[in-house]
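K.L.:
The file below is model_22.cif, mmCIF, C-alpha atoms and all ligand atoms:
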```cif
data_start
loop_
_atom_site.label_atom_id
_atom_site.label_comp_id
_atom_site.auth_asym_id
_atom_site.auth_seq_id
_atom_site.Cartn_x
_atom_site.Cartn_y
_atom_site.Cartn_z
CA MET A 22 -32.65 22.87 -48.10
CA THR A 23 -35.04 22.25 -45.30
CA ASP A 24 -34.42 20.23 -42.17
CA GLN A 25 -36.94 17.62 -43.22
CA GLN A 26 -36.16 16.05 -46.58
CA PRO A 27 -39.42 14.80 -48.12
CA HIS A 28 -39.38 11.10 -48.87
CA HIS A 29 -39.24 10.57 -52.65
CA PRO A 30 -42.49 8.85 -53.72
CA ASP A 31 -40.66 6.33 -55.98
CA ALA A 32 -37.85 5.48 -53.52
CA PRO A 33 -38.13 2.00 -51.97
CA GLU A 34 -38.95 1.92 -48.29
CA ALA A 35 -35.94 1.00 -46.10
CA GLU A 36 -36.53 -2.26 -44.29
CA PRO A 37 -37.20 -1.31 -40.71
CA GLY A 38 -35.43 -2.86 -37.79
CA ARG A 39 -32.88 -5.05 -39.61
CA PRO A 40 -30.02 -5.33 -37.10
CA ILE A 41 -26.59 -4.21 -38.30
CA PRO A 42 -24.01 -6.11 -36.31
CA ALA A 43 -21.54 -4.02 -34.33
CA ARG A 44 -17.96 -5.26 -33.75
CA HIS A 45 -17.83 -8.45 -31.68
CA VAL A 46 -16.42 -6.59 -28.66
CA PHE A 47 -19.81 -4.96 -28.11
CA GLY A 48 -21.25 -8.30 -27.01
CA GLY A 49 -19.89 -8.15 -23.47
CA LEU A 50 -19.87 -4.40 -22.91
CA PRO A 51 -21.84 -2.80 -20.09
CA THR A 52 -23.69 0.41 -20.96
CA TYR A 53 -22.64 3.60 -19.21
CA ALA A 54 -25.53 4.57 -16.95
CA ALA A 55 -25.30 8.29 -16.28
CA GLY A 56 -26.57 9.60 -12.93
CA LYS A 57 -30.36 9.85 -12.91
CA PRO A 58 -32.08 13.20 -12.37
CA PRO A 59 -34.10 13.39 -9.14
CA ARG A 60 -37.83 12.63 -9.11
CA VAL A 61 -40.34 15.46 -8.73
CA VAL A 62 -41.95 15.16 -5.29
CA GLU A 63 -44.49 17.72 -4.23
CA GLY A 64 -43.32 19.97 -1.43
CA LEU A 65 -39.69 18.87 -1.66
CA ARG A 66 -36.83 20.59 -3.49
CA GLN A 67 -35.11 18.10 -5.77
CA PHE A 68 -31.38 17.37 -5.61
CA LYS A 69 -29.16 15.34 -7.91
CA LEU A 70 -26.50 13.54 -5.91
CA SER A 71 -25.78 10.93 -8.55
CA SER A 72 -23.00 12.39 -10.73
CA ASN A 73 -20.44 13.91 -8.35
CA GLU A 74 -21.07 17.33 -9.78
CA ASN A 75 -19.99 20.52 -8.05
CA PRO A 76 -23.18 21.88 -6.42
CA LEU A 77 -21.81 25.42 -6.25
CA GLY A 78 -21.49 26.04 -9.99
CA PRO A 79 -18.75 27.98 -11.74
CA VAL A 80 -16.46 30.24 -9.68
CA PRO A 81 -16.68 34.04 -10.33
CA SER A 82 -13.71 34.11 -12.74
CA VAL A 83 -15.24 31.35 -14.84
CA ARG A 84 -18.59 33.18 -14.85
CA ARG A 85 -16.78 36.26 -16.12
CA ALA A 86 -15.02 34.23 -18.82
CA LEU A 87 -18.41 32.87 -19.91
CA GLU A 88 -19.92 36.35 -20.10
CA GLU A 89 -16.98 37.84 -21.98
CA PHE A 90 -16.46 34.94 -24.40
CA ASP A 91 -16.05 36.19 -27.93
CA ALA A 92 -18.30 33.74 -29.71
CA ALA A 93 -16.27 32.97 -32.82
CA THR A 94 -18.28 29.81 -33.39
CA HIS A 95 -17.45 29.68 -37.10
CA LEU A 96 -13.79 28.93 -36.27
CA TYR A 97 -12.33 25.62 -35.12
CA PRO A 98 -10.73 25.68 -31.69
CA ASP A 99 -6.96 25.36 -31.28
CA PRO A 100 -6.45 21.60 -31.74
CA LEU A 101 -3.59 21.63 -29.23
CA ALA A 102 -5.37 23.76 -26.59
CA THR A 103 -2.12 25.74 -26.38
CA ARG A 104 -3.34 28.47 -24.02
CA LEU A 105 -4.68 25.94 -21.57
CA ARG A 106 -1.58 23.75 -21.70
CA THR A 107 0.64 26.81 -21.20
CA ALA A 108 -1.41 27.96 -18.20
CA LEU A 109 -1.30 24.46 -16.71
CA ALA A 110 2.42 24.14 -17.37
CA GLY A 111 3.01 27.33 -15.41
CA SER A 112 0.83 26.31 -12.48
CA LEU A 113 2.06 22.69 -12.27
CA GLY A 114 5.71 23.27 -13.13
CA VAL A 115 5.73 20.77 -16.02
CA PRO A 116 6.57 21.27 -19.72
CA ALA A 117 3.50 22.16 -21.81
CA GLU A 118 4.48 19.36 -24.28
CA ASP A 119 3.84 16.83 -21.51
CA ILE A 120 0.17 17.80 -21.34
CA VAL A 121 -2.46 16.41 -23.71
CA ALA A 122 -5.99 17.82 -23.43
CA GLY A 123 -9.20 15.95 -24.15
CA ALA A 124 -12.98 16.17 -23.91
CA GLY A 125 -13.05 15.60 -20.17
CA SER A 126 -10.74 13.10 -18.54
CA TYR A 127 -13.02 10.52 -20.19
CA GLY A 128 -11.69 11.76 -23.53
CA ALA A 129 -8.11 11.84 -22.25
CA LEU A 130 -8.42 8.28 -20.92
CA THR A 131 -9.86 7.07 -24.20
CA GLN A 132 -6.72 8.39 -25.94
CA ILE A 133 -4.52 6.44 -23.50
CA ILE A 134 -6.38 3.14 -23.77
CA SER A 135 -6.72 3.29 -27.54
CA THR A 136 -2.99 4.02 -27.77
CA PHE A 137 -1.74 1.25 -25.52
CA ALA A 138 -4.32 -1.51 -25.14
CA GLY A 139 -6.39 -3.34 -27.72
CA GLN A 140 -5.59 -6.56 -29.49
CA ALA A 141 -2.09 -7.87 -30.15
CA GLU A 142 -1.10 -8.77 -33.74
CA SER A 143 -2.00 -12.37 -32.88
CA GLY A 144 -5.57 -11.23 -32.18
CA GLU A 145 -5.17 -11.96 -28.47
CA PRO A 146 -6.63 -9.23 -26.25
CA ASP A 147 -4.24 -7.07 -24.27
CA GLU A 148 -5.02 -6.79 -20.57
CA VAL A 149 -5.86 -3.73 -18.50
CA VAL A 150 -5.76 -4.18 -14.73
CA TYR A 151 -7.82 -2.03 -12.38
CA ALA A 152 -9.53 -2.18 -9.00
CA TRP A 153 -13.21 -3.03 -8.86
CA ARG A 154 -15.43 -1.39 -8.10
CA SER A 155 -14.08 1.75 -9.64
CA PHE A 156 -15.17 4.27 -12.27
CA GLU A 157 -17.86 2.50 -14.28
CA ALA A 158 -16.54 3.80 -17.60
CA TYR A 159 -13.31 1.77 -17.28
CA PRO A 160 -14.77 -1.54 -18.54
CA ILE A 161 -16.41 0.25 -21.46
CA ILE A 162 -13.34 2.18 -22.61
CA VAL A 163 -11.15 -0.92 -22.22
CA GLY A 164 -13.59 -3.26 -23.94
CA LEU A 165 -14.33 -0.98 -26.89
CA GLY A 166 -10.76 -1.25 -28.10
CA GLY A 167 -10.83 -5.03 -27.82
CA ALA A 168 -8.70 -5.27 -24.67
CA ARG A 169 -9.64 -7.43 -21.68
CA SER A 170 -10.47 -6.01 -18.26
CA VAL A 171 -8.76 -7.65 -15.28
CA GLN A 172 -10.74 -6.45 -12.28
CA VAL A 173 -9.16 -6.82 -8.85
CA PRO A 174 -11.66 -6.57 -5.96
CA PHE A 175 -11.04 -3.73 -3.53
CA THR A 176 -10.29 -4.41 0.14
CA PRO A 177 -13.05 -4.37 2.80
CA GLU A 178 -12.03 -0.73 3.44
CA GLY A 179 -12.92 0.18 -0.16
CA GLU A 180 -9.23 0.61 -1.05
CA HIS A 181 -7.18 -0.68 -3.97
CA ASP A 182 -5.55 -4.02 -3.13
CA LEU A 183 -2.20 -3.06 -4.63
CA ASP A 184 -0.55 -6.40 -3.77
CA ALA A 185 -3.26 -8.30 -5.62
CA MET A 186 -3.09 -5.82 -8.50
CA ALA A 187 0.70 -6.27 -8.82
CA ALA A 188 0.16 -10.04 -8.74
CA ALA A 189 -2.44 -9.75 -11.54
CA VAL A 190 0.11 -8.31 -13.98
CA THR A 191 1.03 -10.76 -16.74
CA GLU A 192 3.00 -10.49 -19.97
CA ARG A 193 -0.28 -9.45 -21.64
CA THR A 194 -0.78 -6.45 -19.30
CA ARG A 195 -0.39 -3.16 -21.14
CA VAL A 196 -2.08 -0.67 -18.82
CA ILE A 197 -2.95 -0.42 -15.11
CA LEU A 198 -5.55 2.09 -13.91
CA LEU A 199 -5.26 3.49 -10.39
CA CYS A 200 -8.14 5.66 -9.27
CA SER A 201 -7.26 7.96 -6.38
CA PRO A 202 -9.53 8.86 -4.68
CA ASN A 203 -11.45 5.84 -5.86
CA ASN A 204 -14.87 6.42 -7.39
CA PRO A 205 -17.24 5.21 -5.90
CA THR A 206 -15.71 4.18 -2.54
CA GLY A 207 -13.68 7.30 -1.66
CA PRO A 208 -10.25 6.35 -0.22
CA ALA A 209 -7.10 7.78 -1.81
CA LEU A 210 -3.81 5.97 -2.32
CA THR A 211 -0.82 6.95 -0.23
CA ALA A 212 2.52 8.07 -1.69
CA ASP A 213 4.58 5.22 -0.20
CA ARG A 214 2.15 2.54 -1.38
CA VAL A 215 2.08 3.80 -4.96
CA GLU A 216 5.87 4.13 -4.98
CA ALA A 217 6.23 0.52 -3.76
CA PHE A 218 3.68 -0.58 -6.37
CA MET A 219 5.53 1.19 -9.19
CA SER A 220 8.70 -0.71 -8.28
CA ARG A 221 6.82 -3.98 -8.92
CA VAL A 222 5.39 -2.95 -12.32
CA PRO A 223 7.42 -3.58 -15.51
CA ASP A 224 8.52 -0.27 -16.99
CA ASP A 225 6.83 -0.98 -20.34
CA VAL A 226 3.41 -1.15 -18.68
CA VAL A 227 1.60 2.19 -18.60
CA VAL A 228 0.22 3.13 -15.18
CA VAL A 229 -2.57 5.71 -15.23
CA LEU A 230 -3.24 7.60 -12.01
CA ASP A 231 -6.78 8.93 -12.35
CA GLU A 232 -6.96 12.00 -10.13
CA ALA A 233 -10.40 13.26 -11.09
CA TYR A 234 -11.04 14.17 -7.43
CA LEU A 235 -7.52 15.27 -6.46
CA GLU A 236 -8.45 18.77 -5.30
CA PHE A 237 -10.70 17.37 -2.60
CA CYS A 238 -7.68 15.47 -1.17
CA GLU A 239 -5.66 18.62 -0.92
CA ALA A 240 -8.25 20.15 1.39
CA SER A 241 -8.56 17.01 3.55
CA GLU A 242 -7.07 16.42 6.96
CA LEU A 243 -5.03 13.22 6.77
CA THR A 244 -5.38 10.21 9.02
CA GLU A 245 -2.40 8.99 11.03
CA ARG A 246 -1.91 6.09 8.63
CA GLU A 247 -2.01 8.32 5.58
CA ARG A 248 0.61 10.58 7.17
CA ALA A 249 2.78 7.61 8.13
CA GLU A 250 2.70 6.41 4.53
CA GLY A 251 4.14 9.62 3.12
CA GLY A 252 0.82 11.46 2.69
CA LEU A 253 -1.50 10.99 -0.27
CA ALA A 254 -0.05 10.03 -3.64
CA GLU A 255 0.46 13.01 -5.89
CA GLY A 256 0.44 12.38 -9.60
CA VAL A 257 2.81 15.11 -10.74
CA ALA A 258 5.52 13.99 -8.29
CA LEU A 259 5.11 10.38 -9.47
CA TYR A 260 5.21 11.33 -13.16
CA ARG A 261 8.51 13.14 -12.57
CA ARG A 262 10.07 9.89 -11.30
CA HIS A 263 8.33 7.36 -13.56
CA PRO A 264 8.39 7.61 -17.37
CA ASN A 265 5.60 5.00 -17.58
CA LEU A 266 3.15 6.94 -15.38
CA VAL A 267 0.34 9.05 -16.81
CA VAL A 268 -1.58 11.48 -14.61
CA LEU A 269 -5.23 12.00 -15.51
CA ARG A 270 -7.06 15.15 -14.42
CA THR A 271 -10.30 16.96 -15.06
CA PHE A 272 -12.00 20.32 -14.75
CA SER A 273 -15.36 18.58 -14.25
CA LYS A 274 -15.33 18.16 -10.49
CA ALA A 275 -13.59 20.78 -8.30
CA ALA A 276 -13.58 23.41 -11.06
CA GLY A 277 -17.27 22.84 -11.83
CA LEU A 278 -16.91 22.57 -15.62
CA ALA A 279 -18.51 19.15 -16.15
CA GLY A 280 -20.83 20.60 -18.80
CA LEU A 281 -17.97 21.96 -20.89
CA ARG A 282 -15.98 18.71 -21.19
CA VAL A 283 -12.34 19.44 -20.57
CA GLY A 284 -9.65 17.30 -18.98
CA TYR A 285 -6.03 16.37 -19.64
CA SER A 286 -3.21 13.94 -19.04
CA ILE A 287 0.40 14.57 -18.05
CA SER A 288 3.17 12.19 -19.13
CA HIS A 289 6.59 12.07 -20.76
CA PRO A 290 7.16 12.73 -24.49
CA ALA A 291 7.57 9.00 -25.25
CA ILE A 292 3.89 8.70 -24.32
CA THR A 293 2.47 12.09 -25.35
CA ARG A 294 3.81 11.67 -28.89
CA THR A 295 1.46 8.76 -29.49
CA LEU A 296 -1.40 10.13 -27.40
CA ARG A 297 -1.59 13.14 -29.70
CA VAL A 298 -2.09 10.80 -32.65
CA ALA A 299 -4.98 9.09 -30.85
CA ALA A 300 -6.59 12.36 -29.73
CA THR A 301 -9.82 13.38 -31.45
CA PRO A 302 -8.96 16.67 -33.18
CA PHE A 303 -10.64 19.81 -31.80
CA SER A 304 -12.19 17.93 -28.88
CA VAL A 305 -11.72 20.85 -26.46
CA SER A 306 -13.95 23.73 -27.57
CA SER A 307 -12.73 27.34 -27.43
CA LEU A 308 -15.27 28.09 -24.70
CA ALA A 309 -14.14 25.12 -22.61
CA GLU A 310 -10.51 26.17 -23.03
CA GLU A 311 -11.26 29.77 -22.06
CA CYS A 312 -13.11 28.73 -18.89
CA ALA A 313 -10.47 26.17 -17.93
CA VAL A 314 -7.76 28.84 -18.27
CA ALA A 315 -9.80 31.13 -15.99
CA ALA A 316 -10.02 28.29 -13.44
CA VAL A 317 -6.26 27.62 -13.59
CA GLU A 318 -5.52 31.31 -13.16
CA HIS A 319 -7.75 31.64 -10.09
CA PRO A 320 -6.88 28.68 -7.87
CA GLY A 321 -7.96 30.55 -4.73
CA GLU A 322 -11.57 30.67 -5.94
CA ILE A 323 -11.58 26.93 -6.63
CA ARG A 324 -9.95 26.21 -3.25
CA GLU A 325 -12.64 28.20 -1.48
CA GLN A 326 -15.41 26.11 -3.05
CA VAL A 327 -13.52 22.88 -2.45
CA SER A 328 -13.07 23.75 1.25
CA TRP A 329 -16.80 24.25 1.59
CA ILE A 330 -17.54 20.91 -0.10
CA VAL A 331 -14.96 19.11 2.05
CA ALA A 332 -16.44 20.64 5.23
CA GLU A 333 -19.89 19.42 4.15
CA ARG A 334 -18.45 15.99 3.35
CA GLU A 335 -16.98 15.76 6.84
CA ARG A 336 -20.34 16.79 8.32
CA VAL A 337 -22.06 14.00 6.35
CA VAL A 338 -19.45 11.39 7.31
CA ALA A 339 -19.64 12.40 10.99
CA GLY A 340 -23.46 12.28 10.84
CA LEU A 341 -23.40 8.79 9.34
CA ARG A 342 -20.95 7.51 11.90
CA ARG A 343 -23.04 9.03 14.66
CA ILE A 344 -25.97 6.80 13.65
CA GLY A 345 -23.62 3.83 13.54
CA TRP A 346 -23.07 3.56 9.78
CA GLU A 347 -19.63 2.42 8.76
CA VAL A 348 -18.33 4.49 5.87
CA PRO A 349 -14.87 4.34 4.35
CA VAL A 350 -12.56 7.32 4.64
CA THR A 351 -13.49 9.51 1.68
CA ARG A 352 -11.13 11.96 0.07
CA ALA A 353 -13.51 12.95 -2.74
CA ASN A 354 -16.84 14.79 -3.06
CA PHE A 355 -18.99 11.75 -2.30
CA VAL A 356 -19.65 9.12 0.34
CA TRP A 357 -19.99 5.37 -0.10
CA LEU A 358 -22.75 3.46 1.64
CA ALA A 359 -21.95 -0.24 1.43
CA LEU A 360 -25.59 -1.31 1.63
CA GLY A 361 -25.12 -4.60 -0.21
CA GLU A 362 -28.46 -6.27 -0.98
CA ARG A 363 -30.36 -3.21 0.29
CA THR A 364 -28.75 -0.94 -2.30
CA ALA A 365 -31.77 -0.71 -4.62
CA GLU A 366 -34.15 -0.28 -1.67
CA PHE A 367 -32.18 2.69 -0.35
CA ALA A 368 -31.90 4.29 -3.80
CA ALA A 369 -35.68 3.98 -4.24
CA PHE A 370 -36.26 5.47 -0.76
CA ALA A 371 -34.00 8.43 -1.65
CA GLU A 372 -35.84 8.85 -4.96
CA GLU A 373 -39.21 8.97 -3.16
CA ASN A 374 -37.71 11.84 -1.20
CA ALA A 375 -36.52 13.78 -4.26
CA LEU A 376 -32.85 12.82 -3.96
CA SER A 377 -31.16 10.90 -6.75
CA VAL A 378 -28.17 8.85 -5.66
CA ARG A 379 -26.11 6.33 -7.59
CA ALA A 380 -26.93 2.68 -6.91
CA PHE A 381 -24.33 0.03 -7.72
CA HIS A 382 -26.27 -3.12 -7.04
CA PRO A 383 -25.37 -5.30 -5.09
CA ASP A 384 -22.44 -3.38 -3.61
CA GLY A 385 -23.70 -0.05 -2.41
CA VAL A 386 -24.81 3.49 -3.00
CA ARG A 387 -22.68 6.50 -3.81
CA ALA A 388 -24.06 9.86 -2.76
CA SER A 389 -22.40 13.05 -3.95
CA ILE A 390 -21.95 15.98 -1.61
CA GLY A 391 -24.47 18.57 -2.69
CA GLU A 392 -25.98 21.74 -1.31
CA GLU A 393 -26.41 21.96 2.47
CA GLU A 394 -30.14 21.15 2.33
CA ALA A 395 -29.45 18.07 0.19
CA ASN A 396 -26.77 16.78 2.54
CA THR A 397 -29.00 17.31 5.56
CA ARG A 398 -31.83 15.44 3.84
CA LEU A 399 -29.46 12.59 2.97
CA LEU A 400 -28.52 12.25 6.65
CA GLU A 401 -32.17 12.30 7.72
CA LEU A 402 -33.02 9.62 5.16
CA CYS A 403 -30.16 7.41 6.31
CA GLU A 404 -31.43 7.67 9.86
CA ARG A 405 -35.01 6.85 8.85
CA PHE A 406 -33.80 3.98 6.67
CA ALA A 407 -31.74 2.59 9.53
CA SER A 408 -34.66 2.65 11.95
CA ARG A 409 -36.82 0.92 9.32
CA ALA A 410 -34.19 -1.84 9.17
CA GLY A 411 -34.00 -2.33 12.92
CA GLY A 412 -31.04 0.02 13.28
CA GLN A 413 -28.97 -1.61 10.57
CA GLY A 414 -26.84 0.42 8.19
CA PRO A 415 -24.00 -0.59 5.87
CA ALA A 416 -22.82 -3.97 7.15
CA GLY A 417 -19.14 -3.65 6.52
CA ARG A 418 -17.01 -0.90 5.18
C1 LIG B 1 -12.67 8.59 -11.48
C2 LIG B 1 -13.21 9.34 -12.65
N1 LIG B 1 -12.44 9.50 -13.72
C3 LIG B 1 -12.86 10.17 -14.79
C4 LIG B 1 -14.12 10.71 -14.84
C5 LIG B 1 -14.57 11.40 -16.09
O1 LIG B 1 -14.88 12.70 -15.85
P1 LIG B 1 -14.84 13.80 -16.99
O2 LIG B 1 -14.82 13.10 -18.32
O3 LIG B 1 -16.01 14.65 -16.77
O4 LIG B 1 -13.54 14.53 -16.78
C6 LIG B 1 -14.98 10.57 -13.76
C7 LIG B 1 -16.35 11.09 -13.79
O5 LIG B 1 -17.17 10.88 -12.97
C8 LIG B 1 -14.50 9.86 -12.63
O6 LIG B 1 -15.28 9.66 -11.57
#
```
Would you write the structure of this file as structure tokens?
Ligand SMILES: Cc1ncc(COP(=O)(O)O)c(C=O)c1O
P.N.:
Amino acid sequence: MTDQQPHHPDAPEAEPGRPIPARHVFGGLPTYAAGKPPRVVEGLRQFKLSSNENPLGPVPSVRRALEEFDAATHLYPDPLATRLRTALAGSLGVPAEDIVAGAGSYGALTQIISTFAGQAESGEPDEVVYAWRSFEAYPIIVGLGGARSVQVPFTPEGEHDLDAMAAAVTERTRVILLCSPNNPTGPALTADRVEAFMSRVPDDVVVVLDEAYLEFCEASELTERERAEGGLAEGVALYRRHPNLVVLRTFSKAAGLAGLRVGYSISHPAITRTLRVAATPFSVSSLAEECAVAAVEHPGEIREQVSWIVAERERVVAGLRRIGWEVPVTRANFVWLALGERTAEFAAFAEENALSVRAFHPDGVRASIGEEEANTRLLELCERFASRAGGQGPAGR
């Protein structure tokens, strides 16, 4: 066998380009636009600030795990990721059976949506409620299964409008997605607000708390309001009290394992039982599991990196506010620039200066916290952009 099979001379030519219709749900689906790489600009080092990646790379223990990995690539990985779930169970104080791993939290979320939301027997779409803007994969994952997205606009502060979200729940609602901190705006939900929200949600509706950026909250100094509202919501505490709550977590952000694809959910057995059926078998590779275990076993190393990123984030936020730009409180590893109609113009300006940021036209730009030089350049560009626009920055928050 060779890679290239020669075309048999007598075989009929396949008709090129005849469209093969996909399922009808594809009609209205947006395409996931991954963060663009930065443009090459002579004399400038390039930085990618468009995917909320950890700029510091793997921590020393993960590097060691990578070097020492026994490459048994002919064997399937453990389909249940038992070592990882056991390590997580120990560090989080939850039963290992309550954890379901997936290929990133994207994979874990896909399990949840395909388990609970699609089309009812009548053919009517189920509904999934979430704030908008939020993680741009939500509409895709929801729509693929045939469910309908109910998007509730965030408040002017870039926060979830939990009252409006509770009011949007109907008898068709099967799942609610809460993203805390919210990608791309940055604020995190407080404990008291989520608790009050949960009391308004029927207990047969699954509430997913997406904590992809949780670790950056833990290193953040809280505002007075956040403290007054019981501190920031914490998924594990909520899951202990609410059998319909699913916590979603990832190793892609704080732990710097985005390239290995490993995440997980935590929920009660009534939910995990069905999630395991929906899970793609073997979706967490042995290498990903090994590195994730190393990260779980060395929380101090992760905390050190997270503290550095949070300190840089605060420097960026302070720098933006100094030039008069209004930015929402961010508890993640990115900042939100509500540039409205000037979103594309700013993104192009950043690109000309070898920075790639994420443009969400016509709402704003999300810039990840990167290396020190990248963050400094971002601040300089914001200042130059503002003076070009007669001192104007993001109009509202
Ligand atoms: C809020 C949120 N959830 C989930 C994910 C998915 O991340 P991953 O699949 O790498 O765990 C992301 C990635 O950017 C995200 O921002």
K.L.:
For the interface of chain A with ligand LIG 1 (chain B) (cut-off 10 Å, counting all atoms listed in the file), please tabulate each contacting residue of chain A alongside its nearest pair of atoms and their separation in Å to one decimal, rows sorted by chain and increasing number, as JSON lines.
P.N.:
```
{"residue": "A:Ala55", "atom": "CA", "partner": "B:LIG1", "partner_atom": "O5", "distance": 9.2}
{"residue": "A:Gly56", "atom": "CA", "partner": "B:LIG1", "partner_atom": "O5", "distance": 9.5}
{"residue": "A:Ser71", "atom": "CA", "partner": "B:LIG1", "partner_atom": "O5", "distance": 9.7}
{"residue": "A:Ser72", "atom": "CA", "partner": "B:LIG1", "partner_atom": "O5", "distance": 6.4}
{"residue": "A:Asn73", "atom": "CA", "partner": "B:LIG1", "partner_atom": "O5", "distance": 6.4}
{"residue": "A:Glu74", "atom": "CA", "partner": "B:LIG1", "partner_atom": "O5", "distance": 8.2}
{"residue": "A:Gly123", "atom": "CA", "partner": "B:LIG1", "partner_atom": "O2", "distance": 8.6}
{"residue": "A:Ala124", "atom": "CA", "partner": "B:LIG1", "partner_atom": "O2", "distance": 6.6}
{"residue": "A:Gly125", "atom": "CA", "partner": "B:LIG1", "partner_atom": "O2", "distance": 3.6}
{"residue": "A:Ser126", "atom": "CA", "partner": "B:LIG1", "partner_atom": "O4", "distance": 3.6}
{"residue": "A:Tyr127", "atom": "CA", "partner": "B:LIG1", "partner_atom": "O2", "distance": 3.7}
{"residue": "A:Gly128", "atom": "CA", "partner": "B:LIG1", "partner_atom": "O2", "distance": 6.2}
{"residue": "A:Ala129", "atom": "CA", "partner": "B:LIG1", "partner_atom": "O2", "distance": 7.9}
{"residue": "A:Leu130", "atom": "CA", "partner": "B:LIG1", "partner_atom": "C3", "distance": 7.8}
{"residue": "A:Thr131", "atom": "CA", "partner": "B:LIG1", "partner_atom": "O2", "distance": 9.8}
{"residue": "A:Ser155", "atom": "CA", "partner": "B:LIG1", "partner_atom": "C1", "distance": 7.2}
{"residue": "A:Phe156", "atom": "CA", "partner": "B:LIG1", "partner_atom": "C1", "distance": 5.1}
{"residue": "A:Glu157", "atom": "CA", "partner": "B:LIG1", "partner_atom": "O6", "distance": 8.1}
{"residue": "A:Ala158", "atom": "CA", "partner": "B:LIG1", "partner_atom": "C4", "distance": 7.8}
{"residue": "A:Tyr159", "atom": "CA", "partner": "B:LIG1", "partner_atom": "N1", "distance": 8.6}
{"residue": "A:Leu198", "atom": "CA", "partner": "B:LIG1", "partner_atom": "C1", "distance": 9.9}
{"residue": "A:Leu199", "atom": "CA", "partner": "B:LIG1", "partner_atom": "C1", "distance": 9.1}
{"residue": "A:Cys200", "atom": "CA", "partner": "B:LIG1", "partner_atom": "C1", "distance": 5.8}
{"residue": "A:Ser201", "atom": "CA", "partner": "B:LIG1", "partner_atom": "C1", "distance": 7.5}
{"residue": "A:Pro202", "atom": "CA", "partner": "B:LIG1", "partner_atom": "C1", "distance": 7.5}
{"residue": "A:Asn203", "atom": "CA", "partner": "B:LIG1", "partner_atom": "C1", "distance": 6.4}
{"residue": "A:Asn204", "atom": "CA", "partner": "B:LIG1", "partner_atom": "C1", "distance": 5.1}
{"residue": "A:Pro205", "atom": "CA", "partner": "B:LIG1", "partner_atom": "O6", "distance": 7.5}
{"residue": "A:Gly207", "atom": "CA", "partner": "B:LIG1", "partner_atom": "C1", "distance": 10.0}
{"residue": "A:Leu230", "atom": "CA", "partner": "B:LIG1", "partner_atom": "C1", "distance": 9.5}
{"residue": "A:Asp231", "atom": "CA", "partner": "B:LIG1", "partner_atom": "N1", "distance": 5.9}
{"residue": "A:Glu232", "atom": "CA", "partner": "B:LIG1", "partner_atom": "C1", "distance": 6.8}
{"residue": "A:Ala233", "atom": "CA", "partner": "B:LIG1", "partner_atom": "N1", "distance": 5.0}
{"residue": "A:Tyr234", "atom": "CA", "partner": "B:LIG1", "partner_atom": "C1", "distance": 7.1}
{"residue": "A:Leu235", "atom": "CA", "partner": "B:LIG1", "partner_atom": "C1", "distance": 9.8}
{"residue": "A:Leu269", "atom": "CA", "partner": "B:LIG1", "partner_atom": "N1", "distance": 7.8}
{"residue": "A:Arg270", "atom": "CA", "partner": "B:LIG1", "partner_atom": "O4", "distance": 6.9}
{"residue": "A:Thr271", "atom": "CA", "partner": "B:LIG1", "partner_atom": "O4", "distance": 4.4}
{"residue": "A:Phe272", "atom": "CA", "partner": "B:LIG1", "partner_atom": "O4", "distance": 6.3}
{"residue": "A:Ser273", "atom": "CA", "partner": "B:LIG1", "partner_atom": "O3", "distance": 4.7}
{"residue": "A:Lys274", "atom": "CA", "partner": "B:LIG1", "partner_atom": "O3", "distance": 7.2}
{"residue": "A:Gly277", "atom": "CA", "partner": "B:LIG1", "partner_atom": "O3", "distance": 9.6}
{"residue": "A:Leu278", "atom": "CA", "partner": "B:LIG1", "partner_atom": "O3", "distance": 8.1}
{"residue": "A:Ala279", "atom": "CA", "partner": "B:LIG1", "partner_atom": "O3", "distance": 5.2}
{"residue": "A:Gly280", "atom": "CA", "partner": "B:LIG1", "partner_atom": "O3", "distance": 7.9}
{"residue": "A:Leu281", "atom": "CA", "partner": "B:LIG1", "partner_atom": "O3", "distance": 8.6}
{"residue": "A:Arg282", "atom": "CA", "partner": "B:LIG1", "partner_atom": "O3", "distance": 6.0}
{"residue": "A:Val283", "atom": "CA", "partner": "B:LIG1", "partner_atom": "O4", "distance": 6.3}
{"residue": "A:Gly284", "atom": "CA", "partner": "B:LIG1", "partner_atom": "O4", "distance": 5.3}
{"residue": "A:Tyr285", "atom": "CA", "partner": "B:LIG1", "partner_atom": "O4", "distance": 8.2}
{"residue": "A:Ala353", "atom": "CA", "partner": "B:LIG1", "partner_atom": "O6", "distance": 9.6}
```
K.L.:
Taking all atoms listed in the file into account, which of A:Ala369, A:Leu165, A:Val228, A:Met219 comes nearest Ile197 of chain A?
P.N.:
A:Val228
K.L.:
In Å, with one decimal, what is the gap from atom CA of Arg154 of chain A to atom CA of Gln172 of chain A?
P.N.:
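One can read the atom CA of Arg154 of chain A to atom CA of Gln172 of chain A distance as 8.1 Å.
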K.L.:
At what distance in Å, to one decimal, does atom CA of Val350 of chain A lie from atom CA of Glu180 of chain A?
P.N.:
9.4 Å
K.L.:
Around all the atoms of segment 193-208 of chain A listed in the file, draw an axis-aligned box and extend it by 6 Å on each of the six sides; I want its centre and edge lengths in Å to one decimal, as AutoDock Vina command-line options.
P.N.:
```
--center_x -8.8 --center_y -0.3 --center_z -10.9 --size_x 29.0 --size_y 30.3 --size_z 33.4
```
